[in-house]
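Novice: Below is final.txt; it holds compact mmCIF, C-alpha atoms and all ligand atoms.
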```
# COMPACT_ATOMS: atom_id res chain seq x y z
CA MET F 1 -4.53 -150.96 209.31
CA SER F 2 -0.82 -151.00 209.87
CA ASP F 3 1.63 -148.81 211.73
CA SER F 4 2.58 -147.31 208.40
CA ASP F 5 -0.76 -145.47 208.47
CA VAL F 6 0.48 -143.20 211.23
CA LYS F 7 3.93 -142.43 209.93
CA GLU F 8 4.62 -138.78 209.24
CA PRO F 9 3.39 -138.08 205.72
CA GLU F 10 6.06 -137.27 203.20
CA ALA F 11 6.20 -133.72 201.93
CA THR F 12 3.19 -132.88 199.83
CA THR F 13 3.02 -130.34 197.07
CA GLU F 14 0.36 -127.72 196.55
CA ASP F 15 -1.27 -129.69 193.77
CA GLY F 16 -4.60 -131.25 194.42
CA ASP F 17 -3.56 -134.80 193.72
CA ALA F 18 -0.93 -134.80 196.42
CA LYS F 19 -3.43 -133.46 198.95
CA GLY F 20 -5.98 -136.04 197.90
CA ASP F 21 -3.38 -138.75 198.36
CA ALA F 22 -2.49 -137.45 201.79
CA ARG F 23 -6.08 -137.74 202.87
CA ASP F 24 -6.65 -141.12 201.32
CA ASN F 25 -3.53 -142.79 202.62
CA GLU F 26 -2.29 -140.93 205.63
CA SER F 27 -5.23 -139.56 207.52
CA PRO F 28 -5.36 -140.78 211.11
CA ALA F 29 -8.35 -142.99 210.59
CA PRO F 30 -8.73 -144.06 206.99
CA LYS F 31 -12.20 -145.31 206.12
CA GLY F 32 -11.00 -148.78 205.15
CA ASP F 33 -8.06 -150.92 204.22
CA ALA F 34 -9.79 -153.41 201.98
CA PRO F 35 -8.11 -154.54 198.76
CA GLY F 36 -9.19 -152.35 195.89
CA GLU F 37 -9.33 -149.29 198.15
CA GLY F 38 -6.78 -147.55 195.91
CA ALA F 39 -9.04 -147.94 192.88
CA LYS F 40 -12.00 -146.71 194.95
CA ALA F 41 -9.96 -143.69 196.05
CA ASP F 42 -9.10 -142.91 192.44
CA ALA F 43 -12.76 -143.12 191.50
CA ALA F 44 -13.65 -140.86 194.42
CA LYS F 45 -11.02 -138.35 193.31
CA ALA F 46 -12.49 -138.38 189.81
CA ASP F 47 -15.93 -137.74 191.36
CA ALA F 48 -14.52 -134.88 193.44
CA ALA F 49 -12.99 -133.34 190.30
CA LYS F 50 -16.36 -133.61 188.56
CA ASP F 51 -18.09 -132.00 191.57
CA SER F 52 -15.64 -129.11 191.62
CA ALA F 53 -16.25 -128.49 187.93
CA LYS F 54 -19.91 -127.78 188.74
CA SER F 55 -19.23 -126.22 192.08
CA ASP F 56 -22.84 -125.82 193.22
CA ALA F 57 -23.63 -129.49 192.85
CA PRO F 58 -24.33 -131.14 196.23
CA PRO F 59 -21.80 -133.79 197.20
CA LYS F 60 -22.77 -137.40 196.76
CA SER F 61 -23.82 -139.17 199.93
CA GLY F 62 -21.02 -140.06 202.29
CA PRO F 63 -18.15 -138.03 203.63
CA TYR F 64 -17.08 -134.80 202.00
CA ARG F 65 -14.18 -135.17 199.59
CA PRO F 66 -11.78 -132.25 199.78
CA THR F 67 -11.01 -130.04 196.84
CA PRO F 68 -8.04 -127.82 197.70
CA GLY F 69 -8.66 -124.08 197.48
CA LYS F 70 -12.43 -124.41 197.39
CA PRO F 71 -14.53 -122.61 200.02
CA LEU F 72 -15.43 -125.17 202.66
CA ILE F 73 -17.40 -122.97 205.07
CA GLU F 74 -19.65 -120.22 203.69
CA MET F 75 -21.80 -118.29 206.15
CA SER F 76 -23.88 -115.65 204.42
CA ASN F 77 -25.80 -112.87 206.18
CA VAL F 78 -26.27 -115.08 209.24
CA THR F 79 -28.25 -113.91 212.24
CA LYS F 80 -28.78 -115.77 215.48
CA THR F 81 -31.32 -114.54 218.00
CA PHE F 82 -31.98 -116.27 221.31
CA HIS F 83 -35.33 -115.94 223.08
CA LYS F 84 -34.70 -116.75 226.72
CA GLY F 85 -35.62 -113.72 228.83
CA LYS F 86 -38.15 -110.98 228.13
CA GLU F 87 -36.06 -109.38 225.39
CA PRO F 88 -34.78 -111.32 222.37
CA LEU F 89 -30.98 -111.38 222.23
CA THR F 90 -29.41 -111.05 218.78
CA VAL F 91 -25.90 -112.47 219.06
CA LEU F 92 -24.91 -112.71 215.39
CA ASP F 93 -26.18 -109.93 213.20
CA GLY F 94 -25.72 -110.29 209.46
CA LEU F 95 -22.42 -112.15 209.67
CA THR F 96 -20.71 -113.27 206.47
CA LEU F 97 -17.67 -115.56 206.49
CA THR F 98 -15.85 -117.78 204.01
CA ILE F 99 -13.18 -120.29 205.05
CA ALA F 100 -11.24 -122.22 202.44
CA GLU F 101 -10.41 -125.90 202.46
CA GLY F 102 -7.23 -126.52 204.45
CA ALA F 103 -7.28 -123.26 206.44
CA PHE F 104 -6.24 -122.92 210.10
CA GLU F 105 -8.16 -119.92 211.41
CA ALA F 106 -8.40 -118.35 214.85
CA LEU F 107 -11.51 -116.58 216.09
CA MET F 108 -11.18 -114.01 218.86
CA GLY F 109 -13.53 -111.55 220.54
CA PRO F 110 -14.80 -110.46 223.94
CA SER F 111 -16.64 -112.87 226.22
CA GLY F 112 -20.26 -113.07 225.16
CA SER F 113 -19.56 -111.82 221.63
CA GLY F 114 -20.91 -115.03 220.09
CA LYS F 115 -17.79 -117.05 219.28
CA SER F 116 -19.18 -120.35 220.59
CA THR F 117 -22.53 -119.55 219.00
CA LEU F 118 -20.82 -119.19 215.61
CA LEU F 119 -18.83 -122.41 216.08
CA ASN F 120 -22.06 -124.23 216.95
CA LEU F 121 -23.68 -123.04 213.72
CA ILE F 122 -20.70 -124.11 211.61
CA ALA F 123 -20.59 -127.48 213.36
CA GLY F 124 -24.30 -128.13 212.82
CA LEU F 125 -25.13 -128.11 216.53
CA ASP F 126 -27.61 -125.30 215.96
CA ARG F 127 -29.26 -123.52 213.02
CA PRO F 128 -29.15 -119.80 212.14
CA THR F 129 -32.25 -117.68 212.75
CA SER F 130 -31.80 -116.36 209.20
CA GLY F 131 -29.17 -116.46 206.48
CA THR F 132 -27.38 -119.46 205.02
CA ALA F 133 -24.76 -121.77 206.50
CA ARG F 134 -23.14 -123.89 203.82
CA VAL F 135 -20.52 -126.27 205.18
CA ALA F 136 -18.75 -129.05 203.28
CA GLY F 137 -21.34 -128.85 200.54
CA HIS F 138 -24.39 -128.96 202.81
CA ASN F 139 -26.89 -126.18 203.48
CA LEU F 140 -27.25 -126.67 207.22
CA GLU F 141 -30.13 -124.22 207.69
CA LYS F 142 -32.35 -126.55 205.68
CA MET F 143 -31.42 -129.80 207.41
CA SER F 144 -33.47 -131.73 209.96
CA ASP F 145 -32.02 -132.67 213.36
CA GLY F 146 -31.30 -136.18 212.09
CA GLU F 147 -29.57 -134.91 208.98
CA LEU F 148 -27.49 -132.54 211.10
CA ALA F 149 -26.44 -135.42 213.35
CA LYS F 150 -25.27 -137.38 210.30
CA PHE F 151 -23.51 -134.29 208.94
CA ARG F 152 -21.65 -133.85 212.25
CA ALA F 153 -20.66 -137.49 212.45
CA GLN F 154 -19.17 -137.42 208.96
CA ASN F 155 -17.59 -133.98 208.87
CA ILE F 156 -16.88 -132.45 212.27
CA GLY F 157 -14.45 -133.16 215.10
CA PHE F 158 -15.05 -131.24 218.34
CA ILE F 159 -12.36 -130.12 220.75
CA PHE F 160 -13.41 -128.14 223.84
CA GLN F 161 -11.68 -126.42 226.75
CA ALA F 162 -13.01 -129.14 229.07
CA TYR F 163 -11.76 -132.49 227.82
CA ASN F 164 -15.05 -134.29 228.62
CA LEU F 165 -13.45 -137.72 228.89
CA LEU F 166 -15.45 -140.43 230.63
CA PRO F 167 -13.56 -141.23 233.85
CA VAL F 168 -14.53 -144.91 233.89
CA LEU F 169 -13.09 -145.56 230.42
CA THR F 170 -9.43 -145.85 229.43
CA ALA F 171 -7.85 -143.51 226.89
CA VAL F 172 -8.39 -145.94 224.02
CA GLU F 173 -11.98 -146.65 225.09
CA ASN F 174 -12.71 -142.91 225.23
CA VAL F 175 -11.32 -142.46 221.72
CA GLU F 176 -13.41 -145.39 220.45
CA LEU F 177 -16.67 -143.81 221.67
CA PRO F 178 -17.64 -141.89 218.49
CA LEU F 179 -17.21 -145.09 216.46
CA LEU F 180 -19.86 -146.85 218.57
CA LEU F 181 -22.40 -144.74 216.67
CA THR F 182 -21.16 -146.11 213.34
CA LYS F 183 -21.20 -149.53 211.69
CA VAL F 184 -17.44 -149.98 212.08
CA PRO F 185 -16.87 -153.47 213.54
CA SER F 186 -15.36 -153.69 217.02
CA GLY F 187 -11.89 -154.93 216.01
CA GLU F 188 -11.58 -152.16 213.46
CA ARG F 189 -12.83 -149.63 216.04
CA ARG F 190 -10.05 -150.51 218.40
CA LYS F 191 -7.43 -150.31 215.62
CA ARG F 192 -8.62 -146.88 214.55
CA ALA F 193 -8.64 -145.60 218.13
CA GLU F 194 -5.08 -146.87 218.60
CA THR F 195 -4.02 -145.18 215.37
CA ALA F 196 -5.54 -141.87 216.47
CA LEU F 197 -3.75 -142.11 219.83
CA ARG F 198 -0.46 -142.74 218.04
CA VAL F 199 -1.05 -139.64 215.89
CA VAL F 200 -1.39 -137.51 219.05
CA GLY F 201 1.71 -139.09 220.57
CA LEU F 202 0.04 -141.20 223.27
CA SER F 203 0.79 -144.76 222.16
CA ASP F 204 2.22 -145.40 225.63
CA ARG F 205 -0.90 -144.22 227.47
CA MET F 206 -3.67 -146.23 225.75
CA GLY F 207 -4.68 -148.14 228.89
CA HIS F 208 -4.53 -145.16 231.25
CA TYR F 209 -7.66 -143.72 232.82
CA PRO F 210 -8.20 -139.93 232.62
CA ARG F 211 -7.22 -139.50 236.30
CA GLN F 212 -3.83 -141.05 235.43
CA LEU F 213 -3.14 -138.44 232.75
CA SER F 214 -1.96 -134.82 232.87
CA GLY F 215 -4.24 -132.08 231.57
CA GLY F 216 -2.24 -131.82 228.34
CA GLN F 217 -2.44 -135.58 227.86
CA GLU F 218 -6.19 -135.56 228.52
CA GLN F 219 -6.59 -132.90 225.84
CA ARG F 220 -4.56 -135.04 223.44
CA VAL F 221 -6.90 -137.98 224.12
CA ALA F 222 -9.81 -135.61 223.39
CA ILE F 223 -8.12 -134.63 220.11
CA ALA F 224 -7.64 -138.30 219.21
CA ARG F 225 -11.37 -138.79 219.89
CA ALA F 226 -12.12 -135.81 217.61
CA ILE F 227 -10.10 -137.22 214.68
CA VAL F 228 -11.02 -140.91 214.99
CA ASN F 229 -13.87 -140.48 212.48
CA ASP F 230 -11.52 -138.73 210.03
CA PRO F 231 -13.57 -135.50 209.93
CA THR F 232 -12.99 -132.75 207.38
CA ILE F 233 -13.22 -129.91 209.92
CA LEU F 234 -11.98 -129.55 213.49
CA VAL F 235 -13.83 -126.96 215.58
CA CYS F 236 -11.89 -126.06 218.70
CA ASP F 237 -13.46 -123.91 221.42
CA GLU F 238 -10.63 -122.57 223.61
CA PRO F 239 -8.67 -125.85 223.36
CA THR F 240 -5.77 -124.52 225.44
CA GLY F 241 -7.86 -122.53 227.94
CA ASP F 242 -7.10 -124.83 230.89
CA LEU F 243 -3.46 -125.57 230.09
CA ASP F 244 -0.10 -124.14 231.16
CA ARG F 245 2.07 -122.52 228.48
CA LYS F 246 4.15 -125.62 227.70
CA SER F 247 1.15 -127.97 227.42
CA ALA F 248 -0.72 -125.32 225.41
CA ASP F 249 2.20 -125.05 223.00
CA ASP F 250 2.25 -128.85 222.60
CA ILE F 251 -1.48 -128.86 221.77
CA LEU F 252 -1.02 -126.00 219.29
CA ALA F 253 1.86 -127.87 217.63
CA LEU F 254 -0.40 -130.92 217.34
CA LEU F 255 -3.18 -128.85 215.75
CA THR F 256 -0.63 -127.42 213.31
CA LYS F 257 0.41 -130.97 212.40
CA LEU F 258 -3.20 -132.02 211.87
CA ASN F 259 -3.68 -129.02 209.61
CA GLN F 260 -0.47 -129.32 207.61
CA ASP F 261 0.09 -133.06 207.42
CA PHE F 262 -3.44 -134.43 207.70
CA LYS F 263 -5.15 -131.58 205.83
CA LYS F 264 -7.74 -130.88 208.52
CA THR F 265 -9.44 -127.51 208.19
CA ILE F 266 -9.32 -125.95 211.67
CA LEU F 267 -11.37 -123.20 213.25
CA MET F 268 -10.13 -122.35 216.75
CA VAL F 269 -11.72 -119.95 219.23
CA THR F 270 -9.16 -118.54 221.65
CA HIS F 271 -8.60 -115.68 224.07
CA ASP F 272 -4.83 -116.21 223.89
CA PRO F 273 -3.05 -114.01 221.32
CA SER F 274 -0.04 -116.33 221.19
CA ALA F 275 -2.36 -119.26 220.39
CA ALA F 276 -3.96 -117.21 217.63
CA GLU F 277 -0.50 -116.59 216.17
CA ARG F 278 -0.28 -120.28 215.32
CA ALA F 279 -3.22 -119.92 212.94
CA THR F 280 -2.77 -118.59 209.43
CA THR F 281 -5.66 -116.11 209.79
CA THR F 282 -7.21 -114.44 212.84
CA ARG F 283 -10.71 -112.99 212.76
CA HIS F 284 -12.35 -110.81 215.43
CA LEU F 285 -16.00 -111.04 216.37
CA ASN F 286 -17.52 -107.83 217.62
CA LYS F 287 -21.14 -106.75 217.94
CA GLY F 288 -22.39 -109.75 216.00
CA ARG F 289 -20.10 -109.31 213.01
CA LEU F 290 -16.54 -110.06 212.01
CA ASP F 291 -14.11 -107.12 211.76
N1 LIG G 301 -28.72 -121.41 223.96
C1 LIG G 301 -28.72 -120.13 224.36
N2 LIG G 301 -29.83 -119.55 224.83
C2 LIG G 301 -29.86 -118.25 225.22
N3 LIG G 301 -28.79 -117.45 225.16
C3 LIG G 301 -27.64 -117.97 224.69
C4 LIG G 301 -27.54 -119.33 224.27
N4 LIG G 301 -26.27 -119.57 223.86
C5 LIG G 301 -25.62 -118.41 224.01
N5 LIG G 301 -26.43 -117.45 224.50
C6 LIG G 301 -26.05 -116.06 224.78
O1 LIG G 301 -25.41 -115.55 223.62
C7 LIG G 301 -24.31 -114.71 223.97
C8 LIG G 301 -23.05 -115.22 223.27
O2 LIG G 301 -22.68 -116.44 223.88
P1 LIG G 301 -21.40 -117.27 223.39
O3 LIG G 301 -21.33 -118.46 224.27
O4 LIG G 301 -21.48 -117.49 221.93
O5 LIG G 301 -20.22 -116.23 223.70
P2 LIG G 301 -18.65 -116.43 223.57
O6 LIG G 301 -18.15 -115.35 222.66
O7 LIG G 301 -18.33 -117.82 223.23
O8 LIG G 301 -18.17 -116.08 225.06
P3 LIG G 301 -16.96 -116.72 225.94
O9 LIG G 301 -15.69 -116.09 225.42
O10 LIG G 301 -17.27 -116.26 227.33
O11 LIG G 301 -17.00 -118.20 225.79
C9 LIG G 301 -24.26 -114.71 225.49
O12 LIG G 301 -24.87 -113.55 225.95
C10 LIG G 301 -25.03 -115.94 225.88
O13 LIG G 301 -25.65 -115.79 227.12
MG MG G 302 -17.47 -119.40 224.24
```
Could you express the structure from this file as structure tokens?
Ligand SMILES: Nc1ncnc2c1ncn2[C@@H]1O[C@H](COP(=O)(O)OP(=O)(O)OP(=O)(O)O)[C@@H](O)[C@H]1O
Ligand SMILES: [Mg+2]
Specialist:
Amino acid sequence: MSDSDVKEPEATTEDGDAKGDARDNESPAPKGDAPGEGAKADAAKADAAKDSAKSDAPPKSGPYRPTPGKPLIEMSNVTKTFHKGKEPLTVLDGLTLTIAEGAFEALMGPSGSGKSTLLNLIAGLDRPTSGTARVAGHNLEKMSDGELAKFRAQNIGFIFQAYNLLPVLTAVENVELPLLLTKVPSGERRKRAETALRVVGLSDRMGHYPRQLSGGQEQRVAIARAIVNDPTILVCDEPTGDLDRKSADDILALLTKLNQDFKKTILMVTHDPSAAERATTTRHLNKGRLD
């Protein structure tokens, strides 16, 4: 991988080919640089075109290939009931939601309304009690725990309010962590982590420990960790909740860049109306359903 992988992508058009190219060549952590990768990418694009022609066909094994304009997240009549105390608690109650490929959506709602619960279902951290959750071509409600873990590793990047960096590891080592679960060789792991840190603007902080970083910088390391696997979807649960206005704006600008230039589909929970303004759509969760 070379520095050219992290340069700002040139302007893309709305047509699918340009978006496919952006993902193949300019995503923060391309899957490989081997000779012949271009031909493989072309073949993959042809496969994606075939898949979109018969839209219900499950994707082939491996990471989801984007098809612009296609629904990427489809939650249909989803309920989620927790059984902790004496009474069952129904948090989501017949919720239906479709999010298209390439969207940047904000999700708002009162505390306890089920925003994190919904994110967890979309991200494959939990399964609905009833209804269907189809994400990136997979029906999550039917998948085993192991299948869900694989789905998450290939498709989802997580960004939380708490940065959850390991204090004994440097920035670049923290970003490398998700790749330890994959077969990516160690040299390549380090290169991809460095690339992701460059994308978030922290090339000069790779060897810093979390305690040597500001809160905004720690969140940028966490975002680099979320994109190092080149996921299709970023789920962000109050990503600016602990930050001052300036740092929050920097993080929101970075998310906008990941959406526009790197074609990440983003779903962001927030309590901050000015953060929600950065998204293209804002939805409100209330009494288990979306307004
Ligand atoms: N694993 C669980 N077991 C039992 N109850 C749960 C579980 N997860 C969430 N809940 C309950 O579901 C409700 C919704 O929780 P959730 O975390 O989704 O709310 P939220 O909208 O994200 O709130 P906040 O804005 O405060 O983060 C809460 O009443 C919570 O206690
Ligand atoms: Mg929450």
Novice: Can you check which parts of chain F lie within 10 Å of ligand LIG 301 (chain G)? Per residue, the shortest pair of atoms and distance in Å to one decimal, counting all atoms listed in the file, sorted by chain and number, as CSV.
Specialist:
```
residue,atom,partner,partner_atom,distance
F:Lys80,CA,G:LIG301,O1,8.8
F:Thr81,CA,G:LIG301,N3,8.1
F:Phe82,CA,G:LIG301,C2,4.9
F:His83,CA,G:LIG301,C2,6.3
F:Lys84,CA,G:LIG301,C2,5.3
F:Gly85,CA,G:LIG301,C2,8.2
F:Pro88,CA,G:LIG301,C2,9.0
F:Leu89,CA,G:LIG301,N3,7.1
F:Thr90,CA,G:LIG301,O1,7.7
F:Val91,CA,G:LIG301,O1,5.5
F:Leu92,CA,G:LIG301,C8,8.5
F:Leu107,CA,G:LIG301,O6,9.4
F:Met108,CA,G:LIG301,O6,8.1
F:Gly109,CA,G:LIG301,O6,6.3
F:Pro110,CA,G:LIG301,O9,5.9
F:Ser111,CA,G:LIG301,O9,3.5
F:Gly112,CA,G:LIG301,O5,3.5
F:Ser113,CA,G:LIG301,O6,3.9
F:Gly114,CA,G:LIG301,O4,3.1
F:Lys115,CA,G:LIG301,O6,3.8
F:Ser116,CA,G:LIG301,O7,3.8
F:Thr117,CA,G:LIG301,O4,3.7
F:Leu118,CA,G:LIG301,O4,6.6
F:Leu119,CA,G:LIG301,O4,8.1
F:Asn120,CA,G:LIG301,O4,8.4
F:Asp126,CA,G:LIG301,N1,9.0
F:Gln161,CA,G:LIG301,O11,9.8
F:Asp237,CA,G:LIG301,O7,8.0
F:Glu238,CA,G:LIG301,O11,8.0
F:Val269,CA,G:LIG301,O7,8.0
F:Thr270,CA,G:LIG301,O9,7.9
F:His271,CA,G:LIG301,O9,7.2
F:Leu285,CA,G:LIG301,O6,7.9
F:Asn286,CA,G:LIG301,O6,9.1
F:Gly288,CA,G:LIG301,C8,9.1
```
Novice: Near stretch 129-131 of chain F, counting only C-alpha atoms, which residues have an atom at most 9 Å away, once you skip same-chain residues fewer than 2 positions from it, shown as a list of chain:residue names?
Specialist: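 My list of contacting residues is F:Met75, F:Ser76, F:Asn77, F:Val78, F:Thr79, F:Lys80, F:Thr81, F:Phe82, F:Gly94, F:Leu95, F:Arg127, F:Ala133, F:Glu141.
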Novice: Convert the current residue selection to file output with C-alpha atoms, as a PDB file, in the coordinates of the input.
Specialist:
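Produced file part.pdb, reproduced below:
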```
ATOM      1  CA  MET F  75     -21.800-118.290 206.150  1.00  0.00           C
ATOM      2  CA  SER F  76     -23.880-115.650 204.420  1.00  0.00           C
ATOM      3  CA  ASN F  77     -25.800-112.870 206.180  1.00  0.00           C
ATOM      4  CA  VAL F  78     -26.270-115.080 209.240  1.00  0.00           C
ATOM      5  CA  THR F  79     -28.250-113.910 212.240  1.00  0.00           C
ATOM      6  CA  LYS F  80     -28.780-115.770 215.480  1.00  0.00           C
ATOM      7  CA  THR F  81     -31.320-114.540 218.000  1.00  0.00           C
ATOM      8  CA  PHE F  82     -31.980-116.270 221.310  1.00  0.00           C
ATOM      9  CA  GLY F  94     -25.720-110.290 209.460  1.00  0.00           C
ATOM     10  CA  LEU F  95     -22.420-112.150 209.670  1.00  0.00           C
ATOM     11  CA  ARG F 127     -29.260-123.520 213.020  1.00  0.00           C
ATOM     12  CA  ALA F 133     -24.760-121.770 206.500  1.00  0.00           C
ATOM     13  CA  GLU F 141     -30.130-124.220 207.690  1.00  0.00           C
TER      14      GLU F 141
END
```
Novice: Using all atoms listed in the file, can you tell me which of F:Gly102, F:Gly241, F:Gly69, F:Gly201 comes closest to F:Thr281?
Specialist: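 Using all atoms listed in the file, F:Thr281 sits closest to F:Gly102.
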Novice: Can you report as JSON the centre and edge lengths in Å, to one decimal, of an axis-aligned box around the listed atoms of stretch 221-230 of chain F padded with 4 Å on each side?
Specialist:
```
{"center_x": -10.4, "center_y": -137.8, "center_z": 217.1, "size_x": 15.0, "size_y": 14.3, "size_z": 22.1}
```
Novice: Restricting the calculation to only C-alpha atoms and all ligand atoms: of F:Ala162, F:Val221, F:Ser214, F:Lys264, which residue gets closest to ligand MG 302 (chain G)?
Specialist: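 Counting only C-alpha atoms and all ligand atoms, the residue closest to ligand MG 302 (chain G) is F:Ala162.
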Novice: So the first atom is atom CA of F:Val228 and the second is atom CA of F:Pro178; what is the distance between them in Å, to one decimal place?
Specialist: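 Going from atom CA of F:Val228 over to atom CA of F:Pro178 covers 7.6 Å.
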Novice: Take atom CA of F:Asn155 and atom CA of F:Ala276 and report the distance between them in Å, one decimal.
Specialist: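 Calculated distance between atom CA of F:Asn155 and atom CA of F:Ala276 is 23.3 Å.
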Novice: Excluding F:Arg225 and any residue of its chain fewer than 3 positions from it, enumerate the residues within 12 Å of it, using all atoms listed in the file, and give them as a ChimeraX atom specification.
Specialist: /F:28-29,153,156-160,163-166,171-180,189-190,192-200,218-222,228-231,234
